[in-house]
Structure formats: C-alpha cells, structure tokens
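Colleague: Have a look at this one.
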Amino acid sequence: LILESYGEKSASNQGLWRLDSKETADVRNTDLDLVKNSIRTIGNKLGFDVAGEDPITWNKKDTGLRSYYFFAQTTCCLGHLLDDSKRELTVNLPLNILVLPGSRAKLFLYRLERDPRLNDLFMSNWKVMKFRHIRQLSERQDLTVNLWETLLDGDPIRWEESTQLSMFDL
C-alpha cells in the first residue's frame, strides 16, 4: 500500500517501482499550499473567520465559536493527531477534518484498520476529505453553508466498486 500510495510500477522492468511524478516534495508542497488556500477561500466565502496554519480554523463570526478544524497534510503520518494536548483541543469541536491527497486513501484506511487508537479518534467528530474535493468545492460559485455541509462527504475516502446486477442468467 505504501508503494501504491507514492509510486508507480516501472513499465520497463517488472518488480521495480519509481516515485510517481506527482509525489515529489516540490509538487506535494505546492499541492498542500493550494489546498490550504482553497480551505481559506471556502471559509471566507461562507462567512467564517479563518485563522491558523496547522490547523486552519473556521470560527463563526457572530459567536467566535470554532466550527471546523482542518488538518491538511500530504502523508498518512497520523500519530500527531493522537497527541493528548492536540486531542484535547479538538474533542469538543463540532468537526475536525483531515485533508489528504486521494492517493493516500487506501493507506489511510489501512492505518485505521491496524491502529485502534486512530480508529477510535476518527469515529468521533472527524471527517476525511481529499485534496481534489476541497479544490472542487472552492471553485463552486453557488456554495453556501448548507450546501457545504451537504457536500462534505461528496468524494468519500472509502471507495467501493459498484456492481452491475445481471438481468439475465447466462
């Protein structure tokens, strides 16, 4: 899964892998900056006070209460989210959102299956969104808070293949 998340099989030599061109440090750092800017753009568009870097927070303007914490990152290194001090900060918030590249989806799910602490954490007040979904939402002109909440799960981290029902027995 790690190889699939970061690399691609070599076309010329079976058994060899190489780093996917989208996975170089420069490309991923640029992606991360773009996604963080998209998160800020969406928050401002929806009328939140946007602050912070890691995490980025959206606060309700009228009350100052935090509505969302965004943890955007390029890797599936998730141990820092289990840190007690950071966990205390996020436990009473309406929603925490981990934002990852779509190529990390399988690795993220694998990590959840193998670490009960992470699984427990993400079963609480957490959602996971893909970079591309954040970018797509930031480009929507019709985005409202209600639409945002409806579309949060529009590109799920868990992908299940649909099955075509057979109409005839062959």
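Chains: A, B, ... in order of the structure tokens. Residues: from 1 per chain. Ligands: from 1, in order shown.
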Give me, as a list in words, all polymer residues having an atom no more than 12 Å from Leu147 (chain A), counting only C-alpha atoms and skipping those fewer than 6 positions away in the same chain.
Modeller: Ile42, Leu46, Leu137, Arg140, Gln141, Asp153 and Gly154 of chain A
Colleague: Between A:Leu151, A:Ile157, A:Leu143, A:Leu118, which residue has the minimum interatomic distance to Gly79 (chain A), considering only C-alpha atoms?
Modeller: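 Looking only at the distances to Gly79 (chain A), the closest residue turns out to be A:Leu118.
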Colleague: For a test of reading the model, state the distance in Å between CA of Glu53 (chain A) and CA of Phe108 (chain A), rounded to one decimal.
Modeller: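 About the pair CA of Glu53 (chain A) and CA of Phe108 (chain A): they are 22.1 Å apart.
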Colleague: Just the number, please: distance in Å from CA of Arg158 (chain A) to CA of Lys60 (chain A), one decimal.
Modeller: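 Taking CA of Arg158 (chain A) as the start and CA of Lys60 (chain A) as the end point, the length is 29.8 Å.
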Colleague: Under the rule that only C-alpha atoms are counted, which of A:Ile134, A:Leu100, A:Leu82, A:Leu16 is the nearest residue to Gly43 (chain A)?
Modeller: A:Ile134
Colleague: Considering only strand (DSSP E or B) as DSSP defines it on the backbone, what residues of region 19-126 of chain A qualify? List them as a ChimeraX atom specification.
Modeller: /A:19,48-51,56-60,66-72,95-100,126
Colleague: For a quick check of understanding, using only C-alpha atoms, which of A:Thr63, A:Gln14, A:Thr74, A:Thr57 has the smallest distance to Val27 (chain A)?
Modeller: A:Thr74
Colleague: Pick from A:Thr75, A:Asn96, A:Ser103, A:Thr24: nearest to Arg132 (chain A), with only C-alpha atoms counted?
Modeller: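 Using only C-alpha atoms, Arg132 (chain A) sits closest to A:Ser103.
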Colleague: So which one's closest to Val145 (chain A), A:Trp58, A:Tyr110, A:Trp17, A:Tyr6? Using only C-alpha atoms, please.
Modeller: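 Closest candidate: A:Trp58.
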Colleague: Contacts of Gly15 (chain A) at 12 Å or less, counting only C-alpha atoms, minus same-chain residues fewer than 6 places along, as a list in words?
Modeller: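 Everything that qualifies: Leu3, Glu8 and Lys9 of chain A.
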Colleague: Using all heavy atoms, can you export the residues from the last selection as a CSV table (one decimal), in the first residue's frame?
Modeller:
chain,number,residue,atom,x,y,z
A,3,LEU,N,3.8,1.6,-1.4
A,3,LEU,CA,4.3,1.8,-2.8
A,3,LEU,C,3.2,2.3,-3.7
A,3,LEU,O,3.4,3.2,-4.5
A,3,LEU,CB,4.8,0.4,-3.3
A,3,LEU,CG,6.1,-0.1,-2.7
A,3,LEU,CD1,6.5,-1.5,-3.3
A,3,LEU,CD2,7.2,0.9,-2.9
A,8,GLU,N,4.7,4.2,-8.7
A,8,GLU,CA,4.1,3.5,-9.8
A,8,GLU,C,5.1,2.4,-10.3
A,8,GLU,O,6.3,2.6,-10.1
A,8,GLU,CB,3.8,4.5,-10.9
A,8,GLU,CG,4.9,5.3,-11.5
A,8,GLU,CD,4.6,6.4,-12.4
A,8,GLU,OE1,3.4,6.6,-12.6
A,8,GLU,OE2,5.5,7.0,-12.9
A,9,LYS,N,4.5,1.4,-10.8
A,9,LYS,CA,5.3,0.3,-11.3
A,9,LYS,C,6.1,0.7,-12.5
A,9,LYS,O,5.5,1.4,-13.3
A,9,LYS,CB,4.5,-1.0,-11.6
A,9,LYS,CG,3.9,-1.7,-10.4
A,9,LYS,CD,3.2,-2.9,-10.7
A,9,LYS,CE,2.6,-3.6,-9.5
A,9,LYS,NZ,1.9,-4.8,-9.8
Colleague: Residues near Leu98 (chain A), anyone? I mean within 10 Å using only C-alpha atoms, not counting same-chain ones fewer than 5 positions away, as a PyMOL selection string.
Modeller: chain A and resi 55+69-73+78+81+122+126-131
Colleague: Take CA of Glu149 (chain A) and CA of Asp62 (chain A) and report the distance between them in Å, one decimal.
Modeller: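 The value is 18.9 Å.
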